[in-house]
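Novice: As input, take work03.txt (compact mmCIF, N, CA and C atoms and all ligand atoms):
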```txt
# COMPACT_ATOMS: atom_id res chain seq x y z
N MET A 1039 14.26 7.90 22.07
CA MET A 1039 14.55 8.44 20.75
C MET A 1039 13.48 9.48 20.37
N GLU A 1040 13.90 10.59 19.78
CA GLU A 1040 12.95 11.67 19.50
C GLU A 1040 12.24 11.52 18.16
N ASN A 1041 12.97 11.06 17.16
CA ASN A 1041 12.42 11.00 15.81
C ASN A 1041 11.66 9.70 15.59
N LYS A 1042 10.35 9.81 15.41
CA LYS A 1042 9.57 8.61 15.17
C LYS A 1042 8.70 8.79 13.94
N ILE A 1043 8.69 7.80 13.08
CA ILE A 1043 7.91 7.88 11.86
C ILE A 1043 7.07 6.62 11.72
N LEU A 1044 5.81 6.81 11.37
CA LEU A 1044 4.91 5.70 11.10
C LEU A 1044 4.78 5.58 9.59
N SER A 1045 5.22 4.47 9.05
CA SER A 1045 5.19 4.32 7.60
C SER A 1045 4.17 3.25 7.24
N ILE A 1046 2.98 3.69 6.87
CA ILE A 1046 1.92 2.73 6.56
C ILE A 1046 1.36 3.03 5.17
N PRO A 1047 1.30 2.02 4.28
CA PRO A 1047 0.76 2.28 2.95
C PRO A 1047 -0.68 2.77 3.06
N PHE A 1048 -1.01 3.84 2.34
CA PHE A 1048 -2.33 4.48 2.44
C PHE A 1048 -3.46 3.48 2.23
N GLY A 1049 -3.34 2.68 1.18
CA GLY A 1049 -4.41 1.75 0.84
C GLY A 1049 -4.62 0.67 1.88
N MET A 1050 -3.63 0.46 2.70
CA MET A 1050 -3.69 -0.60 3.71
C MET A 1050 -4.73 -0.28 4.78
N LEU A 1051 -4.97 1.00 5.01
CA LEU A 1051 -5.89 1.41 6.07
C LEU A 1051 -7.31 0.93 5.77
N ILE A 1052 -7.69 0.91 4.49
CA ILE A 1052 -9.06 0.58 4.13
C ILE A 1052 -9.30 -0.94 4.03
N PRO A 1053 -8.55 -1.65 3.16
CA PRO A 1053 -8.85 -3.09 3.05
C PRO A 1053 -8.67 -3.85 4.36
N MET A 1054 -7.73 -3.43 5.20
CA MET A 1054 -7.50 -4.14 6.45
C MET A 1054 -8.74 -4.13 7.32
N ALA A 1055 -9.51 -3.05 7.24
CA ALA A 1055 -10.70 -2.93 8.05
C ALA A 1055 -11.73 -3.99 7.66
N PHE A 1056 -11.69 -4.42 6.41
CA PHE A 1056 -12.65 -5.41 5.95
C PHE A 1056 -12.05 -6.82 5.92
N GLY A 1057 -10.79 -6.92 6.25
CA GLY A 1057 -10.13 -8.22 6.31
C GLY A 1057 -10.13 -8.97 5.00
N LYS A 1058 -9.69 -8.30 3.97
CA LYS A 1058 -9.77 -8.87 2.63
C LYS A 1058 -8.63 -9.82 2.28
N PHE A 1059 -7.55 -9.76 3.04
CA PHE A 1059 -6.34 -10.47 2.61
C PHE A 1059 -6.18 -11.83 3.26
N TYR A 1060 -5.87 -12.81 2.43
CA TYR A 1060 -5.69 -14.17 2.92
C TYR A 1060 -4.35 -14.73 2.49
N CYS A 1061 -3.74 -15.50 3.36
CA CYS A 1061 -2.46 -16.15 3.11
C CYS A 1061 -2.61 -17.10 1.92
N HIS A 1062 -1.70 -16.99 0.95
CA HIS A 1062 -1.82 -17.86 -0.22
C HIS A 1062 -1.20 -19.24 0.04
N LYS A 1063 -0.56 -19.39 1.20
CA LYS A 1063 0.04 -20.69 1.53
C LYS A 1063 -0.92 -21.59 2.29
N CYS A 1064 -1.71 -20.99 3.21
CA CYS A 1064 -2.57 -21.83 4.04
C CYS A 1064 -4.02 -21.35 4.09
N GLY A 1065 -4.30 -20.16 3.53
CA GLY A 1065 -5.68 -19.69 3.47
C GLY A 1065 -6.15 -18.93 4.70
N GLU A 1066 -5.29 -18.76 5.70
CA GLU A 1066 -5.64 -18.04 6.92
C GLU A 1066 -5.71 -16.53 6.63
N ARG A 1067 -6.54 -15.82 7.39
CA ARG A 1067 -6.63 -14.37 7.21
C ARG A 1067 -5.35 -13.71 7.72
N LEU A 1068 -4.78 -12.82 6.93
CA LEU A 1068 -3.53 -12.16 7.30
C LEU A 1068 -3.79 -11.04 8.29
N LYS A 1069 -2.84 -10.86 9.20
CA LYS A 1069 -2.95 -9.78 10.18
C LYS A 1069 -1.89 -8.72 9.89
N ARG A 1070 -2.21 -7.49 10.29
CA ARG A 1070 -1.24 -6.42 10.11
C ARG A 1070 -0.09 -6.63 11.09
N ASN A 1071 1.10 -6.45 10.57
CA ASN A 1071 2.29 -6.71 11.36
C ASN A 1071 3.16 -5.47 11.34
N SER A 1072 3.55 -4.98 12.50
CA SER A 1072 4.40 -3.80 12.50
C SER A 1072 5.85 -4.19 12.78
N VAL A 1073 6.72 -3.58 12.05
CA VAL A 1073 8.15 -3.85 12.19
C VAL A 1073 8.85 -2.54 12.53
N LYS A 1074 9.49 -2.53 13.68
CA LYS A 1074 10.23 -1.32 14.08
C LYS A 1074 11.69 -1.47 13.69
N ARG A 1075 12.23 -0.39 13.13
CA ARG A 1075 13.68 -0.42 12.89
C ARG A 1075 14.23 0.98 13.00
N THR A 1076 15.49 1.06 13.21
CA THR A 1076 16.15 2.35 13.37
C THR A 1076 16.96 2.67 12.14
N VAL A 1077 16.69 3.87 11.58
CA VAL A 1077 17.45 4.33 10.43
C VAL A 1077 18.45 5.36 10.91
N LYS A 1078 19.69 5.12 10.61
CA LYS A 1078 20.74 6.01 11.10
C LYS A 1078 21.25 6.91 9.98
N PRO A 1079 21.77 8.08 10.34
CA PRO A 1079 22.37 8.94 9.32
C PRO A 1079 23.45 8.14 8.59
N GLY A 1080 23.44 8.24 7.26
CA GLY A 1080 24.42 7.46 6.50
C GLY A 1080 23.80 6.22 5.88
N ASP A 1081 22.64 5.78 6.42
CA ASP A 1081 21.95 4.65 5.81
C ASP A 1081 21.41 5.10 4.45
N PRO A 1082 21.34 4.18 3.46
CA PRO A 1082 20.93 4.58 2.11
C PRO A 1082 19.55 5.23 2.05
N ASP A 1083 18.63 4.85 2.95
CA ASP A 1083 17.28 5.40 2.88
C ASP A 1083 17.00 6.45 3.97
N TYR A 1084 18.06 6.97 4.56
CA TYR A 1084 17.87 7.92 5.67
C TYR A 1084 17.09 9.15 5.23
N PHE A 1085 17.44 9.69 4.06
CA PHE A 1085 16.80 10.94 3.62
C PHE A 1085 15.36 10.72 3.17
N GLU A 1086 15.05 9.50 2.80
CA GLU A 1086 13.68 9.18 2.45
C GLU A 1086 12.74 9.43 3.63
N TYR A 1087 13.20 9.13 4.80
CA TYR A 1087 12.39 9.35 6.00
C TYR A 1087 12.59 10.74 6.56
N ASN A 1088 13.78 11.23 6.41
CA ASN A 1088 14.11 12.52 6.98
C ASN A 1088 13.33 13.65 6.32
N LYS A 1089 13.02 13.50 5.01
CA LYS A 1089 12.34 14.59 4.29
C LYS A 1089 10.90 14.77 4.74
N ILE A 1090 10.31 13.76 5.40
CA ILE A 1090 8.92 13.85 5.85
C ILE A 1090 8.76 14.93 6.92
N GLY A 1091 9.86 15.34 7.51
CA GLY A 1091 9.85 16.36 8.55
C GLY A 1091 9.37 17.71 8.07
N ARG A 1092 9.26 17.93 6.77
CA ARG A 1092 8.74 19.17 6.17
C ARG A 1092 9.34 20.43 6.79
N GLY A 1093 10.55 20.68 6.42
CA GLY A 1093 11.17 21.91 6.90
C GLY A 1093 11.95 21.68 8.18
N LYS A 1094 11.47 20.73 8.98
CA LYS A 1094 12.22 20.40 10.20
C LYS A 1094 13.28 19.38 9.82
N VAL A 1095 14.47 19.68 10.13
CA VAL A 1095 15.53 18.72 9.84
C VAL A 1095 15.74 17.85 11.08
N MET A 1096 15.64 16.55 10.86
CA MET A 1096 15.84 15.64 11.98
C MET A 1096 17.32 15.39 12.15
N ILE A 1097 17.70 15.32 13.37
CA ILE A 1097 19.11 15.06 13.64
C ILE A 1097 19.23 13.72 14.34
N GLY A 1098 20.11 12.91 13.84
CA GLY A 1098 20.37 11.63 14.49
C GLY A 1098 19.49 10.52 13.97
N ASP A 1099 19.31 9.51 14.81
CA ASP A 1099 18.59 8.31 14.40
C ASP A 1099 17.09 8.58 14.24
N VAL A 1100 16.48 7.86 13.31
CA VAL A 1100 15.04 7.94 13.13
C VAL A 1100 14.45 6.56 13.37
N GLU A 1101 13.46 6.49 14.24
CA GLU A 1101 12.81 5.21 14.49
C GLU A 1101 11.63 5.08 13.54
N VAL A 1102 11.68 4.08 12.67
CA VAL A 1102 10.64 3.91 11.66
C VAL A 1102 9.80 2.67 12.00
N THR A 1103 8.48 2.85 11.99
CA THR A 1103 7.60 1.71 12.16
C THR A 1103 6.95 1.42 10.82
N GLU A 1104 7.24 0.28 10.26
CA GLU A 1104 6.68 -0.09 8.97
C GLU A 1104 5.68 -1.22 9.15
N TYR A 1105 4.75 -1.30 8.22
CA TYR A 1105 3.73 -2.33 8.32
C TYR A 1105 3.78 -3.28 7.14
N ASP A 1106 3.64 -4.53 7.45
CA ASP A 1106 3.39 -5.50 6.40
C ASP A 1106 2.31 -6.46 6.90
N LEU A 1107 2.10 -7.54 6.17
CA LEU A 1107 1.05 -8.48 6.56
C LEU A 1107 1.70 -9.80 6.96
N LYS A 1108 1.14 -10.40 8.00
CA LYS A 1108 1.72 -11.65 8.49
C LYS A 1108 0.61 -12.65 8.75
N CYS A 1109 0.90 -13.90 8.39
CA CYS A 1109 -0.05 -14.97 8.62
C CYS A 1109 0.12 -15.51 10.03
N PRO A 1110 -0.94 -15.50 10.85
CA PRO A 1110 -0.81 -15.98 12.23
C PRO A 1110 -0.67 -17.50 12.30
N ASN A 1111 -0.98 -18.17 11.22
CA ASN A 1111 -0.94 -19.63 11.20
C ASN A 1111 0.43 -20.18 10.78
N CYS A 1112 0.93 -19.73 9.61
CA CYS A 1112 2.17 -20.32 9.10
C CYS A 1112 3.35 -19.35 9.16
N GLY A 1113 3.10 -18.10 9.55
CA GLY A 1113 4.19 -17.14 9.70
C GLY A 1113 4.65 -16.47 8.42
N HIS A 1114 3.93 -16.74 7.32
CA HIS A 1114 4.26 -16.13 6.03
C HIS A 1114 4.11 -14.61 6.11
N CYS A 1115 5.15 -13.89 5.68
CA CYS A 1115 5.16 -12.43 5.72
C CYS A 1115 5.14 -11.89 4.30
N VAL A 1116 4.35 -10.84 4.08
CA VAL A 1116 4.27 -10.29 2.73
C VAL A 1116 4.01 -8.79 2.81
N GLY A 1117 4.55 -8.05 1.85
CA GLY A 1117 4.32 -6.61 1.78
C GLY A 1117 2.92 -6.32 1.25
N TYR A 1118 2.42 -5.15 1.52
CA TYR A 1118 1.06 -4.79 1.13
C TYR A 1118 0.85 -4.84 -0.38
N ASP A 1119 1.79 -4.26 -1.13
CA ASP A 1119 1.65 -4.21 -2.59
C ASP A 1119 1.69 -5.61 -3.20
N ALA A 1120 2.59 -6.44 -2.69
CA ALA A 1120 2.70 -7.81 -3.20
C ALA A 1120 1.41 -8.58 -2.91
N GLN A 1121 0.83 -8.35 -1.73
CA GLN A 1121 -0.39 -9.08 -1.37
C GLN A 1121 -1.60 -8.63 -2.20
N ARG A 1122 -1.59 -7.39 -2.63
CA ARG A 1122 -2.68 -6.90 -3.50
C ARG A 1122 -2.70 -7.72 -4.79
N ILE A 1123 -1.51 -8.02 -5.30
CA ILE A 1123 -1.42 -8.83 -6.52
C ILE A 1123 -1.90 -10.24 -6.24
N VAL A 1124 -1.46 -10.81 -5.11
CA VAL A 1124 -1.89 -12.16 -4.72
C VAL A 1124 -3.41 -12.21 -4.59
N ALA A 1125 -3.99 -11.17 -3.99
CA ALA A 1125 -5.44 -11.14 -3.79
C ALA A 1125 -6.19 -11.16 -5.12
N LYS A 1126 -5.63 -10.46 -6.11
CA LYS A 1126 -6.24 -10.45 -7.44
C LYS A 1126 -6.26 -11.86 -8.04
N ILE A 1127 -5.14 -12.57 -7.87
CA ILE A 1127 -5.05 -13.92 -8.42
C ILE A 1127 -5.98 -14.87 -7.66
N GLN A 1128 -6.06 -14.70 -6.35
CA GLN A 1128 -6.97 -15.52 -5.54
C GLN A 1128 -8.40 -15.35 -6.00
N LYS A 1129 -8.76 -14.10 -6.31
CA LYS A 1129 -10.12 -13.80 -6.74
C LYS A 1129 -10.38 -14.43 -8.10
N LYS A 1130 -9.41 -14.30 -8.99
CA LYS A 1130 -9.56 -14.81 -10.35
C LYS A 1130 -9.72 -16.33 -10.37
N LEU A 1131 -8.92 -17.02 -9.57
CA LEU A 1131 -8.96 -18.47 -9.56
C LEU A 1131 -10.00 -19.01 -8.56
N SER A 1132 -10.67 -18.09 -7.85
CA SER A 1132 -11.69 -18.44 -6.85
C SER A 1132 -11.19 -19.42 -5.80
N LYS A 1133 -9.96 -19.25 -5.36
CA LYS A 1133 -9.46 -20.04 -4.24
C LYS A 1133 -8.39 -19.27 -3.49
N LYS A 1134 -8.20 -19.61 -2.23
CA LYS A 1134 -7.26 -18.85 -1.41
C LYS A 1134 -5.85 -19.41 -1.49
N ILE A 1135 -5.74 -20.73 -1.54
CA ILE A 1135 -4.41 -21.34 -1.53
C ILE A 1135 -3.91 -21.49 -2.97
N LEU A 1136 -2.72 -20.90 -3.21
CA LEU A 1136 -2.15 -20.90 -4.56
C LEU A 1136 -0.77 -21.55 -4.55
N THR A 1137 -0.45 -22.23 -5.63
CA THR A 1137 0.90 -22.79 -5.76
C THR A 1137 1.81 -21.73 -6.34
N ASP A 1138 3.12 -21.93 -6.19
CA ASP A 1138 4.09 -20.98 -6.74
C ASP A 1138 3.90 -20.85 -8.25
N LYS A 1139 3.58 -21.97 -8.89
CA LYS A 1139 3.38 -21.98 -10.33
C LYS A 1139 2.20 -21.08 -10.72
N GLU A 1140 1.11 -21.20 -9.98
CA GLU A 1140 -0.07 -20.38 -10.26
C GLU A 1140 0.24 -18.91 -10.05
N LEU A 1141 0.99 -18.62 -8.99
CA LEU A 1141 1.37 -17.23 -8.73
C LEU A 1141 2.19 -16.67 -9.88
N GLN A 1142 3.19 -17.46 -10.31
CA GLN A 1142 4.06 -17.02 -11.40
C GLN A 1142 3.27 -16.77 -12.68
N GLU A 1143 2.38 -17.69 -12.99
CA GLU A 1143 1.63 -17.60 -14.23
C GLU A 1143 0.72 -16.38 -14.30
N HIS A 1144 0.17 -15.98 -13.16
CA HIS A 1144 -0.85 -14.93 -13.18
C HIS A 1144 -0.37 -13.57 -12.69
N THR A 1145 0.87 -13.49 -12.21
CA THR A 1145 1.35 -12.23 -11.64
C THR A 1145 1.36 -11.09 -12.66
N ALA A 1146 1.90 -11.36 -13.86
CA ALA A 1146 2.00 -10.31 -14.88
C ALA A 1146 0.62 -9.75 -15.23
N GLU A 1147 -0.35 -10.66 -15.37
CA GLU A 1147 -1.71 -10.25 -15.72
C GLU A 1147 -2.33 -9.42 -14.58
N ALA A 1148 -2.12 -9.87 -13.35
CA ALA A 1148 -2.67 -9.16 -12.19
C ALA A 1148 -2.06 -7.77 -12.07
N LYS A 1149 -0.75 -7.67 -12.35
CA LYS A 1149 -0.08 -6.36 -12.30
C LYS A 1149 -0.66 -5.43 -13.35
N ALA A 1150 -0.86 -5.96 -14.57
CA ALA A 1150 -1.41 -5.16 -15.66
C ALA A 1150 -2.81 -4.68 -15.30
N LYS A 1151 -3.59 -5.55 -14.66
CA LYS A 1151 -4.95 -5.20 -14.27
C LYS A 1151 -4.93 -4.09 -13.22
N MET A 1152 -3.99 -4.20 -12.28
CA MET A 1152 -3.87 -3.18 -11.24
C MET A 1152 -3.48 -1.84 -11.84
N ALA A 1153 -2.56 -1.87 -12.84
CA ALA A 1153 -2.12 -0.64 -13.50
C ALA A 1153 -3.29 0.01 -14.23
N ARG A 1154 -4.12 -0.82 -14.89
CA ARG A 1154 -5.31 -0.30 -15.58
C ARG A 1154 -6.27 0.35 -14.60
N GLU A 1155 -6.50 -0.32 -13.49
CA GLU A 1155 -7.43 0.22 -12.48
C GLU A 1155 -6.93 1.54 -11.93
N THR A 1156 -5.61 1.63 -11.69
CA THR A 1156 -5.02 2.87 -11.20
C THR A 1156 -5.19 3.98 -12.23
N ALA A 1157 -4.98 3.64 -13.52
CA ALA A 1157 -5.11 4.63 -14.59
C ALA A 1157 -6.55 5.14 -14.68
N ILE A 1158 -7.52 4.21 -14.57
CA ILE A 1158 -8.93 4.59 -14.64
C ILE A 1158 -9.29 5.50 -13.47
N LEU A 1159 -8.81 5.12 -12.29
CA LEU A 1159 -9.09 5.92 -11.09
C LEU A 1159 -8.52 7.32 -11.23
N SER A 1160 -7.29 7.43 -11.75
CA SER A 1160 -6.66 8.73 -11.95
C SER A 1160 -7.45 9.56 -12.95
N ALA A 1161 -7.92 8.92 -14.03
CA ALA A 1161 -8.69 9.62 -15.06
C ALA A 1161 -10.00 10.15 -14.47
N VAL A 1162 -10.67 9.31 -13.67
CA VAL A 1162 -11.94 9.71 -13.05
C VAL A 1162 -11.70 10.89 -12.11
N LEU A 1163 -10.63 10.82 -11.32
CA LEU A 1163 -10.30 11.91 -10.41
C LEU A 1163 -10.03 13.20 -11.16
N ALA A 1164 -9.29 13.08 -12.29
CA ALA A 1164 -8.96 14.26 -13.09
C ALA A 1164 -10.23 14.92 -13.63
N VAL A 1165 -11.19 14.10 -14.08
CA VAL A 1165 -12.45 14.61 -14.61
C VAL A 1165 -13.24 15.32 -13.50
N VAL A 1166 -13.27 14.70 -12.33
CA VAL A 1166 -14.00 15.28 -11.19
C VAL A 1166 -13.40 16.64 -10.82
N VAL A 1167 -12.07 16.71 -10.80
CA VAL A 1167 -11.39 17.97 -10.45
C VAL A 1167 -11.70 19.03 -11.51
N LEU A 1168 -11.63 18.65 -12.80
CA LEU A 1168 -11.92 19.59 -13.89
C LEU A 1168 -13.36 20.10 -13.79
N LEU A 1169 -14.29 19.18 -13.51
CA LEU A 1169 -15.70 19.56 -13.36
C LEU A 1169 -15.87 20.54 -12.21
N ALA A 1170 -15.20 20.26 -11.12
CA ALA A 1170 -15.29 21.13 -9.93
C ALA A 1170 -14.78 22.52 -10.26
N ILE A 1171 -13.67 22.59 -11.00
CA ILE A 1171 -13.10 23.88 -11.39
C ILE A 1171 -14.08 24.61 -12.32
N PHE A 1172 -14.66 23.86 -13.26
CA PHE A 1172 -15.61 24.43 -14.20
C PHE A 1172 -16.83 25.01 -13.47
N VAL A 1173 -17.38 24.22 -12.55
CA VAL A 1173 -18.56 24.64 -11.80
C VAL A 1173 -18.26 25.89 -10.98
N LEU A 1174 -17.06 25.87 -10.34
CA LEU A 1174 -16.65 27.03 -9.54
C LEU A 1174 -16.48 28.26 -10.41
N ALA A 1175 -15.85 28.08 -11.59
CA ALA A 1175 -15.59 29.20 -12.48
C ALA A 1175 -16.91 29.76 -13.03
N TYR A 1176 -17.84 28.88 -13.34
CA TYR A 1176 -19.09 29.27 -13.96
C TYR A 1176 -20.04 29.95 -12.97
N PHE A 1177 -20.19 29.31 -11.82
CA PHE A 1177 -21.16 29.83 -10.86
C PHE A 1177 -20.54 30.74 -9.82
N GLY A 1178 -19.28 30.57 -9.59
CA GLY A 1178 -18.61 31.35 -8.54
C GLY A 1178 -18.18 32.71 -9.01
N ILE A 1179 -17.32 32.77 -10.01
CA ILE A 1179 -16.73 34.02 -10.44
C ILE A 1179 -17.73 34.87 -11.22
N GLY A 1180 -18.74 34.22 -11.86
CA GLY A 1180 -19.72 34.91 -12.67
C GLY A 1180 -20.55 35.95 -11.91
N ARG A 1181 -20.65 35.82 -10.63
CA ARG A 1181 -21.52 36.73 -9.86
C ARG A 1181 -20.81 37.91 -9.27
ZN ZN B 1 -0.35 -18.94 6.20
```
Output the structure of this file as structure tokens.
Specialist:
Amino acid sequence: MENKILSIPFGMLIPMAFGKFYCHKCGERLKRNSVKRTVKPGDPDYFEYNKIGRGKVMIGDVEVTEYDLKCPNCGHCVGYDAQRIVAKIQKKLSKKILTDKELQEHTAEAKAKMARETAILSAVLAVVVLLAIFVLAYFGIGR
């Protein structure tokens, strides 16, 4: 097959290196798990992958490799974004193994916290970019 796409969440590259994620069912460290599947023309998400070609139009099937996290001990599989929320709750309750009830109770709060952190990060980035433009405009164009 000619068309191959690697679909890996950006944030996954960093935390995985430090092994931050733990299974909430048994406490084992989660491993990165790759799932290969073929997306065919006509599939609902075909254009989602096809547009990554940037000007090149892919013809025919696209082989997509997606990543999620898998527990080597109990086989529990979880997506990266979902596990980020679980990790927040694990940290808050200071334990790795969580019950479904605990997950349910704390998910909304963990999501809100993640949204706040993302907003703060975006604001900081915006300020840095503005400062960079200001510095360039002041010292660069002035001469
Ligand atoms: Zn497990």
Novice: Write out as JSON, numbers by chain each polymer residue (protein, DNA or RNA) that has an atom no more than 5 Å from ligand ZN 1 (chain B), with only N, CA and C atoms and all ligand atoms counted.
Specialist: {"A": [1061, 1063, 1064, 1065, 1066, 1109, 1111, 1112, 1113, 1114]}
Novice: Which is closest to Pro1047 (chain A) among A:Asn1071, A:Asp1106, A:His1144, A:Asp1083, if we use only C-alpha atoms?
Specialist: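 Checking each of A:Asn1071, A:Asp1106, A:His1144, A:Asp1083 against Pro1047 (chain A), counting only C-alpha atoms, the winner is A:Asp1106.
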Novice: Using all atoms listed in the file, find the one residue out of A:Ile1097, A:Leu1107, A:Val1102, A:Ala1170 that sits nearest to Thr1076 (chain A).
Specialist: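 Among A:Ile1097, A:Leu1107, A:Val1102, A:Ala1170, it is A:Val1102 that comes nearest to Thr1076 (chain A).
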Novice: Which neighbours of Ile1127 (chain A) fall inside 8 Å, counting only N, CA and C atoms, when residues of the same chain fewer than 6 positions from it are skipped, and could you give them as a list in words?
Specialist: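 Once the nearby chain positions are removed, what remains is Gln1121, Lys1133, Lys1134, Leu1136, Glu1140, Leu1141, His1144, Thr1145, Glu1147, Ala1148 and Lys1149 of chain A.
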Novice: Take the residues from that selection and put them in a file with N, CA and C atoms, as a CSV table (one decimal), in the frame of the given file.
Specialist:
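Written output follows (again.csv):
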```csv
chain,number,residue,atom,x,y,z
A,1121,GLN,N,0.8,-8.4,-1.7
A,1121,GLN,CA,-0.4,-9.1,-1.4
A,1121,GLN,C,-1.6,-8.6,-2.2
A,1133,LYS,N,-10.0,-19.2,-5.4
A,1133,LYS,CA,-9.5,-20.0,-4.2
A,1133,LYS,C,-8.4,-19.3,-3.5
A,1134,LYS,N,-8.2,-19.6,-2.2
A,1134,LYS,CA,-7.3,-18.8,-1.4
A,1134,LYS,C,-5.8,-19.4,-1.5
A,1136,LEU,N,-2.7,-20.9,-3.2
A,1136,LEU,CA,-2.2,-20.9,-4.6
A,1136,LEU,C,-0.8,-21.6,-4.6
A,1140,GLU,N,1.1,-21.2,-10.0
A,1140,GLU,CA,-0.1,-20.4,-10.3
A,1140,GLU,C,0.2,-18.9,-10.0
A,1141,LEU,N,1.0,-18.6,-9.0
A,1141,LEU,CA,1.4,-17.2,-8.7
A,1141,LEU,C,2.2,-16.7,-9.9
A,1144,HIS,N,0.2,-16.0,-13.2
A,1144,HIS,CA,-0.8,-14.9,-13.2
A,1144,HIS,C,-0.4,-13.6,-12.7
A,1145,THR,N,0.9,-13.5,-12.2
A,1145,THR,CA,1.4,-12.2,-11.6
A,1145,THR,C,1.4,-11.1,-12.7
A,1147,GLU,N,-0.4,-10.7,-15.4
A,1147,GLU,CA,-1.7,-10.2,-15.7
A,1147,GLU,C,-2.3,-9.4,-14.6
A,1148,ALA,N,-2.1,-9.9,-13.4
A,1148,ALA,CA,-2.7,-9.2,-12.2
A,1148,ALA,C,-2.1,-7.8,-12.1
A,1149,LYS,N,-0.8,-7.7,-12.4
A,1149,LYS,CA,-0.1,-6.4,-12.3
A,1149,LYS,C,-0.7,-5.4,-13.4
```
Novice: So how far away is atom C of Asp1119 (chain A) from CA of Phe1085 (chain A), in Å?
Specialist: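 Value for the CA of Phe1085 (chain A)-atom C of Asp1119 (chain A) distance: 23.4 Å.
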Novice: In terms of the shortest atom-to-atom distance over only C-alpha atoms, which of A:Ile1135, A:Ala1146, A:Leu1168, A:Leu1159 is closest to Ala1120 (chain A)?
Specialist: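 Ranking A:Ile1135, A:Ala1146, A:Leu1168, A:Leu1159 by distance to Ala1120 (chain A), first place goes to A:Ala1146.
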Novice: Return as a PyMOL selection string the full set of residues in chain A whose backbone-based DSSP assignment is helix (DSSP H, G or I).
Specialist: chain A and resi 1048-1056+1084-1091+1118-1131+1138-1179
Novice: Can you tell me how far CA of Cys1115 (chain A) sits from CA of Glu1143 (chain A), in Å to one decimal?
Specialist: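 CA of Glu1143 (chain A) lies at a distance of 20.9 Å from CA of Cys1115 (chain A).
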Novice: Kindly give the distance, in Å, that separates CA of Ala1161 (chain A) and CA of Ser1132 (chain A), rounded to a single decimal.
Specialist: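 Distance reported for this atom pair: 29.4 Å.
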Novice: Which of these, A:Ile1046, A:Tyr1087, A:Val1124, A:Leu1131, has the shortest distance to Glu1104 (chain A) once you count all atoms listed in the file?
Specialist: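 Of the candidates, the smallest distance to Glu1104 (chain A) is held by A:Ile1046.
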Novice: Give as a VMD selection string the set of residues within 6.5 Å of the point (21.4, 6.7, 12.6), where distances use the file's coordinates and all atoms listed in the file.
Specialist: chain A and resid 1076 to 1081 1098 to 1100
